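File shown: start_18.txt (compact mmCIF, C-alpha atoms and all ligand atoms).
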# COMPACT_ATOMS: atom_id res chain seq x y z
CA MET Z 183 0.00 0.00 0.00
CA LYS Z 184 1.52 3.28 -1.14
CA ALA Z 185 1.58 6.03 1.46
CA ILE Z 186 -0.22 9.23 0.48
CA TYR Z 187 0.93 12.41 2.15
CA LEU Z 188 -1.80 15.07 2.21
CA ASP Z 189 -0.46 17.27 5.00
CA TYR Z 190 1.54 19.89 3.11
CA GLY Z 191 0.12 22.54 5.45
CA ALA Z 192 2.26 20.97 8.19
CA THR Z 193 5.44 20.55 6.16
CA SER Z 194 6.74 19.41 2.76
CA PRO Z 195 9.52 17.12 1.58
CA VAL Z 196 12.78 18.72 0.43
CA ARG Z 197 12.78 18.95 -3.35
CA PRO Z 198 15.73 17.34 -5.17
CA GLU Z 199 17.11 20.64 -6.55
CA ALA Z 200 17.29 22.05 -3.01
CA LEU Z 201 18.95 18.92 -1.63
CA GLU Z 202 21.50 18.95 -4.43
CA ALA Z 203 22.36 22.59 -3.76
CA MET Z 204 22.76 21.81 -0.04
CA MET Z 205 24.95 18.73 -0.30
CA PRO Z 206 28.38 20.41 -0.54
CA PHE Z 207 27.56 22.52 2.53
CA LEU Z 208 26.58 19.44 4.54
CA THR Z 209 29.86 17.76 3.66
CA SER Z 210 33.12 19.31 2.48
CA GLU Z 211 32.10 23.01 2.42
CA PHE Z 212 31.49 23.36 6.14
CA GLY Z 213 33.20 26.73 6.65
CA ASN Z 214 31.71 29.32 8.98
CA SER Z 215 30.34 32.14 6.81
CA GLY Z 216 31.81 34.57 9.34
CA SER Z 217 35.40 33.35 8.86
CA ILE Z 218 37.69 35.62 6.88
CA HIS Z 219 39.61 32.87 5.06
CA ASP Z 220 38.57 31.64 1.62
CA PHE Z 221 37.01 28.51 3.09
CA GLY Z 222 34.57 30.60 5.15
CA GLN Z 223 34.03 33.05 2.33
CA ARG Z 224 32.75 30.30 0.04
CA SER Z 225 29.97 29.67 2.59
CA ARG Z 226 29.37 33.41 2.76
CA GLU Z 227 29.02 33.61 -1.03
CA ALA Z 228 26.54 30.73 -1.06
CA ILE Z 229 24.45 32.48 1.60
CA GLU Z 230 24.51 35.73 -0.36
CA ARG Z 231 23.37 33.89 -3.51
CA ALA Z 232 20.48 32.42 -1.50
CA ARG Z 233 19.64 35.89 -0.17
CA ARG Z 234 19.40 37.26 -3.70
CA MET Z 235 17.18 34.34 -4.71
CA ILE Z 236 14.80 35.10 -1.83
CA MET Z 237 14.94 38.80 -2.65
CA GLU Z 238 13.84 38.03 -6.21
CA ALA Z 239 11.23 35.50 -5.09
CA VAL Z 240 9.43 38.08 -2.90
CA GLY Z 241 10.04 41.14 -5.06
CA ALA Z 242 12.29 42.98 -2.56
CA SER Z 243 14.57 45.78 -3.83
CA SER Z 244 17.81 44.86 -2.12
CA PRO Z 245 19.41 41.80 -0.52
CA ARG Z 246 19.77 43.90 2.63
CA GLU Z 247 16.00 43.68 3.07
CA ILE Z 248 16.21 39.91 3.69
CA ILE Z 249 17.14 38.67 7.19
CA PHE Z 250 17.68 34.94 7.59
CA THR Z 251 16.22 33.30 10.70
CA GLY Z 252 15.78 29.71 11.87
CA SER Z 253 12.04 29.33 11.14
CA GLY Z 254 8.75 30.98 10.30
CA THR Z 255 8.09 31.15 14.03
CA GLU Z 256 11.31 33.08 14.61
CA SER Z 257 10.58 35.47 11.72
CA ASN Z 258 7.18 36.25 13.25
CA ASN Z 259 8.69 36.80 16.71
CA LEU Z 260 11.44 39.06 15.36
CA ALA Z 261 8.94 41.10 13.32
CA ILE Z 262 6.39 41.57 16.09
CA LEU Z 263 8.55 41.90 19.19
CA GLY Z 264 11.27 43.72 17.26
CA ALA Z 265 8.99 46.30 15.65
CA ALA Z 266 6.76 46.99 18.67
CA ARG Z 267 9.61 47.33 21.18
CA LYS Z 268 11.55 49.63 18.83
CA ARG Z 269 8.50 51.88 18.50
CA LYS Z 270 7.32 51.93 22.09
CA HIS Z 271 7.97 55.68 22.33
CA LEU Z 272 5.47 56.27 19.49
CA GLY Z 273 2.55 54.44 21.05
CA ASN Z 274 1.40 51.19 22.54
CA ARG Z 275 -1.40 49.80 20.39
CA ILE Z 276 -0.90 46.69 18.25
CA ILE Z 277 -3.60 45.25 16.01
CA THR Z 278 -3.88 41.64 14.86
CA THR Z 279 -6.50 38.95 14.24
CA PRO Z 280 -7.71 36.01 16.33
CA VAL Z 281 -6.95 33.54 13.51
CA GLU Z 282 -3.17 34.10 13.40
CA HIS Z 283 -0.62 31.32 13.85
CA PRO Z 284 0.34 30.88 17.55
CA SER Z 285 3.79 32.35 16.81
CA VAL Z 286 2.06 35.68 16.07
CA LEU Z 287 -0.64 35.47 18.73
CA GLU Z 288 1.71 34.45 21.53
CA ALA Z 289 4.28 37.11 20.58
CA CYS Z 290 1.46 39.68 20.75
CA ARG Z 291 0.36 38.33 24.15
CA GLN Z 292 3.94 38.77 25.35
CA LEU Z 293 3.76 42.41 24.25
CA GLU Z 294 0.49 42.75 26.15
CA ARG Z 295 2.35 41.63 29.30
CA GLU Z 296 4.94 44.32 28.56
CA GLY Z 297 2.25 47.03 28.58
CA PHE Z 298 1.05 47.13 24.98
CA GLU Z 299 -2.66 47.23 24.22
CA LEU Z 300 -3.69 44.36 21.95
CA VAL Z 301 -6.64 44.73 19.58
CA LEU Z 302 -8.03 41.57 17.94
CA LEU Z 303 -10.01 42.35 14.81
CA PRO Z 304 -13.27 40.53 14.12
CA VAL Z 305 -13.30 37.94 11.32
CA ASP Z 306 -16.35 36.81 9.35
CA GLU Z 307 -17.59 33.22 9.07
CA THR Z 308 -15.00 32.53 6.34
CA GLY Z 309 -12.16 33.83 8.54
CA ARG Z 310 -11.67 37.07 6.64
CA VAL Z 311 -10.88 40.48 8.11
CA LYS Z 312 -12.59 43.60 6.76
CA PRO Z 313 -10.25 46.48 5.86
CA GLN Z 314 -12.87 48.85 7.31
CA ASP Z 315 -12.43 47.18 10.71
CA VAL Z 316 -8.69 47.86 10.50
CA ARG Z 317 -9.50 51.52 9.81
CA ASP Z 318 -11.82 51.62 12.84
CA ALA Z 319 -9.25 49.99 15.15
CA LEU Z 320 -6.40 52.25 14.01
CA ASP Z 321 -5.44 55.23 16.12
CA ASP Z 322 -2.41 57.52 16.19
CA ARG Z 323 -0.83 55.40 18.93
CA THR Z 324 -0.89 52.22 16.80
CA VAL Z 325 2.66 51.04 16.16
CA LEU Z 326 2.06 47.71 14.43
CA VAL Z 327 -0.61 45.85 12.47
CA SER Z 328 -0.08 42.14 11.77
CA VAL Z 329 -2.45 40.19 9.52
CA MET Z 330 -1.54 36.83 8.02
CA ALA Z 331 -1.60 36.54 4.21
CA ALA Z 332 -3.22 33.08 4.26
CA ASN Z 333 -4.46 30.94 7.11
CA ASN Z 334 -2.71 27.65 7.84
CA GLU Z 335 -5.83 25.81 9.02
CA VAL Z 336 -8.66 26.93 6.75
CA GLY Z 337 -6.61 28.43 3.89
CA THR Z 338 -8.46 31.76 3.85
CA ILE Z 339 -6.59 34.53 2.05
CA GLN Z 340 -6.72 37.98 3.67
CA PRO Z 341 -7.14 41.25 1.75
CA ILE Z 342 -3.55 42.33 2.45
CA ARG Z 343 -3.31 44.98 -0.31
CA GLU Z 344 -6.58 46.59 0.82
CA ILE Z 345 -5.40 46.67 4.44
CA ALA Z 346 -2.12 48.24 3.32
CA ASP Z 347 -4.15 50.96 1.55
CA VAL Z 348 -6.05 51.66 4.77
CA LEU Z 349 -2.73 52.02 6.62
CA LYS Z 350 -1.27 54.49 4.11
CA GLY Z 351 -0.37 57.73 5.84
CA SER Z 352 -0.49 56.18 9.31
CA SER Z 353 2.67 55.62 11.29
CA ALA Z 354 1.83 51.94 11.98
CA LEU Z 355 4.07 49.28 10.46
CA PHE Z 356 2.36 46.49 8.56
CA HIS Z 357 3.55 42.90 9.02
CA THR Z 358 2.19 39.83 7.30
CA ASP Z 359 2.81 36.18 8.09
CA ALA Z 360 3.13 34.78 4.56
CA VAL Z 361 4.51 31.38 5.62
CA GLN Z 362 1.54 29.61 3.96
CA TYR Z 363 0.89 32.13 1.19
CA PHE Z 364 4.39 32.44 -0.23
CA GLY Z 365 5.23 29.86 -2.87
CA LYS Z 366 1.58 29.01 -3.48
CA LEU Z 367 0.53 32.39 -4.84
CA PRO Z 368 2.67 34.92 -6.69
CA THR Z 369 4.10 37.08 -3.89
CA ASP Z 370 5.44 40.62 -4.27
CA VAL Z 371 6.09 42.73 -1.17
CA LYS Z 372 5.51 45.96 -3.09
CA GLU Z 373 2.20 44.82 -4.54
CA LEU Z 374 1.13 43.60 -1.11
CA GLY Z 375 2.25 46.91 0.41
CA VAL Z 376 3.82 45.42 3.53
CA ASP Z 377 6.75 46.62 5.66
CA LEU Z 378 7.58 43.22 7.14
CA MET Z 379 6.86 39.73 5.79
CA SER Z 380 7.67 36.32 7.29
CA ILE Z 381 8.36 33.25 5.18
CA GLY Z 382 9.62 29.78 6.02
CA SER Z 383 11.63 27.16 4.21
CA HIS Z 384 9.99 23.83 5.04
CA LYS Z 385 6.55 24.88 3.79
CA VAL Z 386 7.96 25.50 0.29
CA SER Z 387 9.86 22.23 -0.19
CA GLY Z 388 13.00 23.54 1.46
CA PRO Z 389 14.69 21.98 4.51
CA LYS Z 390 13.63 22.63 8.10
CA GLY Z 391 15.73 25.09 10.08
CA ALA Z 392 15.56 28.20 7.89
CA GLY Z 393 13.19 31.14 7.60
CA ALA Z 394 13.42 34.71 6.44
CA LEU Z 395 12.02 38.08 7.34
CA TYR Z 396 11.60 40.77 4.71
CA VAL Z 397 12.34 44.12 6.35
CA ARG Z 398 11.56 47.07 4.09
CA LYS Z 399 14.45 49.52 3.74
CA GLY Z 400 14.23 52.14 6.49
CA VAL Z 401 12.31 49.95 8.96
CA ARG Z 402 14.13 49.57 12.27
CA LEU Z 403 13.80 46.56 14.56
CA GLU Z 404 15.03 45.77 18.04
CA PRO Z 405 16.88 42.44 18.14
CA ILE Z 406 15.32 39.64 20.19
CA MET Z 407 18.59 37.72 20.59
CA PHE Z 408 22.04 38.98 21.50
CA GLY Z 409 25.49 37.83 20.49
CA GLY Z 410 27.45 38.41 17.29
CA GLY Z 411 26.82 40.86 14.50
CA GLN Z 412 25.35 38.44 11.95
CA GLU Z 413 22.35 39.55 9.89
CA ARG Z 414 22.99 43.21 10.77
CA GLY Z 415 22.84 42.34 14.46
CA LEU Z 416 19.21 41.22 14.12
CA ARG Z 417 19.95 37.50 14.20
CA PRO Z 418 23.21 36.84 15.96
CA ALA Z 419 24.24 33.23 15.43
CA THR Z 420 26.37 31.26 12.99
CA LEU Z 421 24.28 31.00 9.86
CA ASN Z 422 22.85 27.60 8.92
CA THR Z 423 24.54 27.50 5.53
CA PRO Z 424 23.08 24.22 4.17
CA ALA Z 425 19.51 25.05 5.23
CA ILE Z 426 19.74 28.59 3.86
CA VAL Z 427 21.18 27.37 0.54
CA GLY Z 428 18.36 24.80 0.22
CA PHE Z 429 15.79 27.42 1.23
CA GLY Z 430 17.04 29.87 -1.42
CA THR Z 431 16.76 27.30 -4.19
CA ALA Z 432 13.36 26.01 -3.04
CA ALA Z 433 11.92 29.51 -2.58
CA TRP Z 434 13.16 30.69 -5.96
CA LEU Z 435 11.70 27.67 -7.73
CA ALA Z 436 8.42 27.88 -5.78
CA ALA Z 437 8.00 31.51 -6.81
CA ARG Z 438 8.68 30.62 -10.44
CA GLU Z 439 6.14 27.78 -10.35
CA ALA Z 440 3.52 29.49 -8.16
CA GLU Z 441 1.22 30.44 -11.01
CA SER Z 442 1.10 27.04 -12.73
CA GLU Z 443 0.93 25.16 -9.42
CA HIS Z 444 -1.92 27.43 -8.33
CA VAL Z 445 -3.92 26.43 -11.41
CA ARG Z 446 -3.11 22.73 -11.04
CA LEU Z 447 -3.77 22.46 -7.30
CA SER Z 448 -6.95 24.55 -7.38
CA ALA Z 449 -8.38 22.22 -10.02
CA LEU Z 450 -7.37 19.14 -7.98
CA ARG Z 451 -8.87 20.64 -4.82
CA ASP Z 452 -12.16 21.57 -6.49
CA LYS Z 453 -12.50 18.18 -8.11
CA CYS Z 454 -11.74 16.48 -4.80
CA PHE Z 455 -14.36 18.51 -2.93
CA ARG Z 456 -16.97 17.92 -5.67
CA ARG Z 457 -16.46 14.16 -5.38
CA ILE Z 458 -16.64 14.27 -1.56
CA ARG Z 459 -19.86 16.31 -1.63
CA GLU Z 460 -21.51 14.08 -4.22
CA GLU Z 461 -20.25 10.65 -3.13
CA ILE Z 462 -20.04 11.05 0.66
CA GLY Z 463 -22.20 14.03 1.63
CA GLY Z 464 -22.99 15.51 5.02
CA VAL Z 465 -19.97 17.76 4.73
CA GLU Z 466 -19.24 21.44 5.10
CA LEU Z 467 -16.28 23.38 3.69
CA ASN Z 468 -14.68 25.64 6.33
CA GLY Z 469 -13.04 28.87 5.18
CA HIS Z 470 -13.68 30.94 2.08
CA PRO Z 471 -15.16 29.16 -0.97
CA THR Z 472 -12.85 30.90 -3.48
CA GLU Z 473 -10.38 33.17 -1.61
CA ARG Z 474 -8.43 30.20 -0.24
CA LEU Z 475 -5.07 28.51 -0.70
CA PRO Z 476 -5.04 26.34 -3.81
CA GLY Z 477 -4.13 23.10 -2.00
CA ASN Z 478 -6.30 23.48 1.11
CA LEU Z 479 -9.54 21.71 2.00
CA ASN Z 480 -10.81 22.12 5.55
CA LEU Z 481 -13.89 19.95 5.96
CA SER Z 482 -16.37 19.18 8.73
CA PHE Z 483 -18.19 15.87 8.31
CA HIS Z 484 -21.48 15.82 10.16
CA ARG Z 485 -21.59 13.63 13.26
CA VAL Z 486 -17.97 12.42 12.97
CA GLU Z 487 -14.91 13.77 14.77
CA GLY Z 488 -12.03 14.87 12.55
CA GLN Z 489 -9.55 13.05 14.77
CA ALA Z 490 -11.42 9.74 14.25
CA ILE Z 491 -11.23 10.14 10.46
CA LEU Z 492 -7.54 11.06 10.71
CA LEU Z 493 -6.74 7.89 12.66
CA GLU Z 494 -8.70 5.63 10.28
CA LEU Z 495 -6.95 7.20 7.28
CA ASN Z 496 -3.63 6.78 9.08
CA ARG Z 497 -4.26 3.01 9.20
CA LYS Z 498 -4.48 3.17 5.40
CA LYS Z 499 -1.23 5.18 5.22
CA ILE Z 500 -3.04 8.35 4.20
CA TYR Z 501 -1.75 11.29 6.20
CA VAL Z 502 -3.97 14.30 6.86
CA SER Z 503 -4.48 16.65 9.78
CA SER Z 504 -7.31 17.66 12.08
CA GLY Z 505 -7.20 21.38 12.73
CA SER Z 506 -3.56 22.45 12.77
CA ALA Z 507 -0.61 20.23 13.65
CA CYS Z 508 0.23 22.45 16.59
CA SER Z 509 -3.24 22.28 18.17
CA ALA Z 510 -3.70 18.57 17.43
CA GLY Z 511 -1.52 17.42 20.34
CA LYS Z 512 -3.05 19.95 22.70
CA HIS Z 513 -6.57 18.63 22.21
CA ALA Z 514 -8.29 21.99 22.23
CA ALA Z 515 -10.91 23.08 19.71
CA SER Z 516 -9.26 25.09 16.92
CA HIS Z 517 -8.94 28.77 17.86
CA VAL Z 518 -9.37 29.60 14.17
CA LEU Z 519 -12.72 27.85 13.71
CA THR Z 520 -13.88 29.18 17.08
CA ALA Z 521 -13.04 32.76 16.03
CA MET Z 522 -14.98 32.17 12.80
CA GLY Z 523 -18.06 31.55 14.95
CA LYS Z 524 -18.24 27.80 14.30
CA ASP Z 525 -19.96 25.82 17.04
CA PRO Z 526 -17.68 23.46 19.02
CA GLU Z 527 -19.27 20.49 17.22
CA THR Z 528 -18.15 21.74 13.80
CA ALA Z 529 -14.71 22.59 15.17
CA TRP Z 530 -14.21 19.04 16.48
CA GLN Z 531 -15.33 17.61 13.16
CA SER Z 532 -12.74 19.53 11.19
CA LEU Z 533 -10.31 17.67 8.96
CA ARG Z 534 -7.55 19.48 7.07
CA VAL Z 535 -6.37 18.01 3.79
CA THR Z 536 -3.54 19.88 2.08
CA PHE Z 537 -2.05 19.15 -1.33
CA GLY Z 538 1.39 20.11 -2.63
CA ARG Z 539 4.02 19.76 -5.29
CA GLU Z 540 4.12 15.94 -5.34
CA THR Z 541 0.34 15.39 -5.08
CA THR Z 542 -1.12 13.67 -8.14
CA GLU Z 543 -4.67 13.20 -9.39
CA GLU Z 544 -4.25 9.48 -8.65
CA ASP Z 545 -3.43 10.25 -4.98
CA VAL Z 546 -6.50 12.41 -4.65
CA ASN Z 547 -8.77 9.80 -6.23
CA ARG Z 548 -7.50 7.09 -3.94
CA PHE Z 549 -7.91 9.42 -0.97
CA VAL Z 550 -11.58 10.02 -1.81
CA ASP Z 551 -12.19 6.28 -2.33
CA GLU Z 552 -10.69 5.45 1.07
CA LEU Z 553 -12.40 8.39 2.77
CA LYS Z 554 -15.72 7.10 1.48
CA GLU Z 555 -15.04 3.75 3.19
CA VAL Z 556 -13.92 5.42 6.41
CA LEU Z 557 -17.00 7.63 6.62
CA ARG Z 558 -19.33 4.73 5.86
CA TYR Z 559 -17.68 2.76 8.69
CA LEU Z 560 -17.59 5.59 11.25
CA ARG Z 561 -21.15 6.67 10.52
CA SER Z 562 -22.37 3.06 10.77
CA LEU Z 563 -20.96 2.92 14.32
CA ILE Z 564 -23.26 5.71 15.43
CA GLY Z 565 -26.23 4.39 13.51
CA HIS Z 566 -26.34 7.11 10.92
CA PRO Z 567 -25.45 5.58 7.57
CA SER Z 568 -24.54 8.39 5.20
C1 LIG C 601 4.11 26.80 9.71
C2 LIG C 601 3.66 28.20 9.96
C3 LIG C 601 4.38 29.05 10.81
C4 LIG C 601 5.59 28.58 11.59
O1 LIG C 601 6.65 28.24 10.75
P1 LIG C 601 7.82 27.26 11.31
O2 LIG C 601 8.87 27.42 10.26
O3 LIG C 601 7.22 25.90 11.32
O4 LIG C 601 8.22 27.75 12.63
C5 LIG C 601 3.95 30.34 10.97
N1 LIG C 601 2.85 30.79 10.33
C6 LIG C 601 2.13 30.01 9.52
C7 LIG C 601 0.94 30.59 8.82
C8 LIG C 601 2.51 28.68 9.31
O5 LIG C 601 1.78 27.92 8.51
Before we go any further, please render this structure as structure tokens.
Amino acid sequence: MKAIYLDYGATSPVRPEALEAMMPFLTSEFGNSGSIHDFGQRSREAIERARRMIMEAVGASSPREIIFTGSGTESNNLAILGAARKRKHLGNRIITTPVEHPSVLEACRQLEREGFELVLLPVDETGRVKPQDVRDALDDRTVLVSVMAANNEVGTIQPIREIADVLKGSSALFHTDAVQYFGKLPTDVKELGVDLMSIGSHKVSGPKGAGALYVRKGVRLEPIMFGGGQERGLRPATLNTPAIVGFGTAAWLAAREAESEHVRLSALRDKCFRRIREEIGGVELNGHPTERLPGNLNLSFHRVEGQAILLELNRKKIYVSSGSACSAGKHAASHVLTAMGKDPETAWQSLRVTFGRETTEEDVNRFVDELKEVLRYLRSLIGHPS
């Protein structure tokens, strides 16, 4: 039985081009990019090539606008803590949404403990923020607004450009967590109108252990770690050369393929959902019907817990997620679905299926066939044949 991985929202396998680019730096080319000798400088050059690839992939103007970090989580922490603390003298209000990734929400809660006032914007039943609500929450003491580009659980895409337009002329910085969005949709920091943008390597077929923060020229941040002068003092640590090199290659290729992959994965996703609705039934799509990530289906099957479906599929070597990977272990109803006004029942029923680069039509067909069996079985247990 072939395993079918449908959990690209959690992570993705390293693509061969990225692995190939990394190999020398995992073996013979192990120099510290901070060393002055030629051996170190070859690592330095590889990192600078990766930086330019990321710069191009996100539409930044200069390599100096790209800061390498260790993860998407770290990029979010650096952006939020770094921007707010640097601007404390200007005001103490920060604005975000209740559907953010925990690495944004918890960083904001930390700021709240430090005396900042945290405003959580309302979201509608699809998980979307209204730009008008940003306008209403904004005051002249607002130092930072952070709204994710696309949600990791339900795939909803936020109106980032429209929010940026609302913020024009205000002194607030605009950060977006684009860890899910980047690589799946064409991403350009100038078109999005953001000051800060987080991306991560392992969600775009790069290795784990690398992330990046786009910091628009002129934006000042307070470091959150202290040590050496690497990454302009914003990320003091020996750079993870192999991971960064793999990340650069993967990000550059993902950006180049985003448009065609968007078309392919959206078609796969729509076909998959159509089959599920027609052949299984008793199902609801969570998130926005059209403004959603191409490879994301978040489904609630009536009367059946998402976790139960996940475990049955697992026995068939089909790997999906219920809610987000981070909340799965914690056994709490998804904060995203709760914020969207879903009743606890619907939240418990949620199953997240995410497609990616290696997903084929054959995989999706087999998934639906097996899911049909699983639902028939689980619903028979509770005396409600579908
Ligand atoms: C995965 C993810 C993160 C965290 O990235 P890591 O690299 O796993 O730390 C942050 N935000 C979103 C939207 C994500 O999907």
Z:Ile248, Z:Ile186, Z:Val281, Z:Met237 ranked by distance to ligand LIG 601 (chain C), top pick (using all atoms listed in the file):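 Going through Z:Ile248, Z:Ile186, Z:Val281, Z:Met237 one by one, the smallest distance to ligand LIG 601 (chain C) is for Z:Val281.
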Around ligand LIG 601 (chain C), with edges along x, y and z and 3 Å added on all six sides, what centre and edge lengths do you get, in Å to one decimal, as lines of an AutoDock Vina configuration file?
center_x = 4.9
center_y = 28.3
center_z = 10.6
size_x = 13.9
size_y = 10.9
size_z = 10.1
Environment of ligand LIG 601 (chain C) within 10 Å, counting all atoms listed in the file, reported as an MDAnalysis selection string: chainID Z and resid 190:193 251:259 281:286 330:335 337 358:364 380:385 389:394 506:508
Please produce an output containing C-alpha atoms for each residue in the selection, written as a PDB file, in the coordinates of the input.
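Result went into result.pdb, see below:
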ATOM      1  CA  TYR Z 190       1.540  19.890   3.110  1.00  0.00           C
ATOM      2  CA  GLY Z 191       0.120  22.540   5.450  1.00  0.00           C
ATOM      3  CA  ALA Z 192       2.260  20.970   8.190  1.00  0.00           C
ATOM      4  CA  THR Z 193       5.440  20.550   6.160  1.00  0.00           C
ATOM      5  CA  THR Z 251      16.220  33.300  10.700  1.00  0.00           C
ATOM      6  CA  GLY Z 252      15.780  29.710  11.870  1.00  0.00           C
ATOM      7  CA  SER Z 253      12.040  29.330  11.140  1.00  0.00           C
ATOM      8  CA  GLY Z 254       8.750  30.980  10.300  1.00  0.00           C
ATOM      9  CA  THR Z 255       8.090  31.150  14.030  1.00  0.00           C
ATOM     10  CA  GLU Z 256      11.310  33.080  14.610  1.00  0.00           C
ATOM     11  CA  SER Z 257      10.580  35.470  11.720  1.00  0.00           C
ATOM     12  CA  ASN Z 258       7.180  36.250  13.250  1.00  0.00           C
ATOM     13  CA  ASN Z 259       8.690  36.800  16.710  1.00  0.00           C
ATOM     14  CA  VAL Z 281      -6.950  33.540  13.510  1.00  0.00           C
ATOM     15  CA  GLU Z 282      -3.170  34.100  13.400  1.00  0.00           C
ATOM     16  CA  HIS Z 283      -0.620  31.320  13.850  1.00  0.00           C
ATOM     17  CA  PRO Z 284       0.340  30.880  17.550  1.00  0.00           C
ATOM     18  CA  SER Z 285       3.790  32.350  16.810  1.00  0.00           C
ATOM     19  CA  VAL Z 286       2.060  35.680  16.070  1.00  0.00           C
ATOM     20  CA  MET Z 330      -1.540  36.830   8.020  1.00  0.00           C
ATOM     21  CA  ALA Z 331      -1.600  36.540   4.210  1.00  0.00           C
ATOM     22  CA  ALA Z 332      -3.220  33.080   4.260  1.00  0.00           C
ATOM     23  CA  ASN Z 333      -4.460  30.940   7.110  1.00  0.00           C
ATOM     24  CA  ASN Z 334      -2.710  27.650   7.840  1.00  0.00           C
ATOM     25  CA  GLU Z 335      -5.830  25.810   9.020  1.00  0.00           C
ATOM     26  CA  GLY Z 337      -6.610  28.430   3.890  1.00  0.00           C
ATOM     27  CA  THR Z 358       2.190  39.830   7.300  1.00  0.00           C
ATOM     28  CA  ASP Z 359       2.810  36.180   8.090  1.00  0.00           C
ATOM     29  CA  ALA Z 360       3.130  34.780   4.560  1.00  0.00           C
ATOM     30  CA  VAL Z 361       4.510  31.380   5.620  1.00  0.00           C
ATOM     31  CA  GLN Z 362       1.540  29.610   3.960  1.00  0.00           C
ATOM     32  CA  TYR Z 363       0.890  32.130   1.190  1.00  0.00           C
ATOM     33  CA  PHE Z 364       4.390  32.440  -0.230  1.00  0.00           C
ATOM     34  CA  SER Z 380       7.670  36.320   7.290  1.00  0.00           C
ATOM     35  CA  ILE Z 381       8.360  33.250   5.180  1.00  0.00           C
ATOM     36  CA  GLY Z 382       9.620  29.780   6.020  1.00  0.00           C
ATOM     37  CA  SER Z 383      11.630  27.160   4.210  1.00  0.00           C
ATOM     38  CA  HIS Z 384       9.990  23.830   5.040  1.00  0.00           C
ATOM     39  CA  LYS Z 385       6.550  24.880   3.790  1.00  0.00           C
ATOM     40  CA  PRO Z 389      14.690  21.980   4.510  1.00  0.00           C
ATOM     41  CA  LYS Z 390      13.630  22.630   8.100  1.00  0.00           C
ATOM     42  CA  GLY Z 391      15.730  25.090  10.080  1.00  0.00           C
ATOM     43  CA  ALA Z 392      15.560  28.200   7.890  1.00  0.00           C
ATOM     44  CA  GLY Z 393      13.190  31.140   7.600  1.00  0.00           C
ATOM     45  CA  ALA Z 394      13.420  34.710   6.440  1.00  0.00           C
ATOM     46  CA  SER Z 506      -3.560  22.450  12.770  1.00  0.00           C
ATOM     47  CA  ALA Z 507      -0.610  20.230  13.650  1.00  0.00           C
ATOM     48  CA  CYS Z 508       0.230  22.450  16.590  1.00  0.00           C
TER      49      CYS Z 508
END
Among the residues Z:Leu188, Z:Ala289, Z:Leu492, Z:Val518, the one that comes closest to Arg310 of chain Z [using only C-alpha atoms]: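 Closest candidate: Z:Val518.
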For Thr472 of chain Z, the nearest of the candidates Z:Ala239, Z:Gly273, Z:Val336, Z:Pro418, counting all atoms listed in the file: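 Residue with the minimum atom-to-atom distance to Thr472 of chain Z: Z:Val336.
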Distance query Glu227 of chain Z at most 12 Å, all atoms listed in the file, self and fewer than 2 positions along chain excluded, as a list in words: Phe207, Glu211, Gly213, Asn214, Ser215, Gly216, Ser217, Ile218, Asp220, Phe221, Gly222, Gln223, Arg224, Ser225, Ile229, Glu230, Arg231, Ala232, Arg233, Arg234, Thr423, Ile426 and Val427 of chain Z
Nearby residues (all atoms listed in the file) at most 12 Å from Gly365 of chain Z, same-chain spacing under 6 positions excluded, as JSON, numbers by chain: {"Z": [194, 236, 239, 240, 331, 332, 381, 382, 383, 384, 385, 386, 387, 388, 429, 430, 431, 432, 433, 434, 435, 436, 437, 438, 439, 440, 441, 442, 443, 444, 475, 476, 477, 538, 539]}
Two-atom distance - atom CA of Ala319 of chain Z, atom CA of Gly400 of chain Z (Å):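 Computing it gives 25.1 Å between the two atoms.
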Distance query 10 Å from (-7.4, 11.3, -2.8) using only C-alpha atoms, result as a list in words: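 Those residues, ordered by chain and then number, are Ile186, Tyr187, Leu188, Leu450, Arg451, Cys454, Arg457, Ile458, Ile500, Val535, Phe537, Thr541, Thr542, Glu543, Glu544, Asp545, Val546, Asn547, Arg548, Phe549, Val550, Asp551, Glu552 and Leu553 of chain Z.
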Non-local contacts of Val371 of chain Z (7 Å; all atoms listed in the file; under 3 positions in same chain excluded) as a list in words: Val240, Gly241, Ala242, Leu374, Gly375 and Val376 of chain Z
Can you write out the residues you just picked, keeping C-alpha atoms, as a PDB file, in the coordinates of the input?
ATOM      1  CA  VAL Z 240       9.430  38.080  -2.900  1.00  0.00           C
ATOM      2  CA  GLY Z 241      10.040  41.140  -5.060  1.00  0.00           C
ATOM      3  CA  ALA Z 242      12.290  42.980  -2.560  1.00  0.00           C
ATOM      4  CA  LEU Z 374       1.130  43.600  -1.110  1.00  0.00           C
ATOM      5  CA  GLY Z 375       2.250  46.910   0.410  1.00  0.00           C
ATOM      6  CA  VAL Z 376       3.820  45.420   3.530  1.00  0.00           C
TER       7      VAL Z 376
END
Two-atom distance - atom CA of Leu403 of chain Z, atom CA of Arg269 of chain Z (Å):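 Between atom CA of Leu403 of chain Z and atom CA of Arg269 of chain Z the gap works out to 8.5 Å.
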Counting all atoms listed in the file, the option among Z:Leu533, Z:Val465, Z:Val556, Z:Leu395 closest to Phe250 of chain Z: Z:Leu395
Straight-line distance linking atom CA of Tyr501 of chain Z with atom CA of Trp530 of chain Z, stated in Å to one decimal: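 Going from atom CA of Tyr501 of chain Z over to atom CA of Trp530 of chain Z, I get 17.9 Å.
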Contact residues around Tyr396 of chain Z with all atoms listed in the file at 6 Å, ignoring same-chain residues under 5 positions, as number ranges by chain: Z: 247-248, 378-379
Using only C-alpha atoms: which of Z:Glu540, Z:Glu404, Z:Glu460, Z:Glu473 has the shortest distance to Arg446 of chain Z: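 Nearest candidate to Arg446 of chain Z out of Z:Glu540, Z:Glu404, Z:Glu460, Z:Glu473: Z:Glu540.
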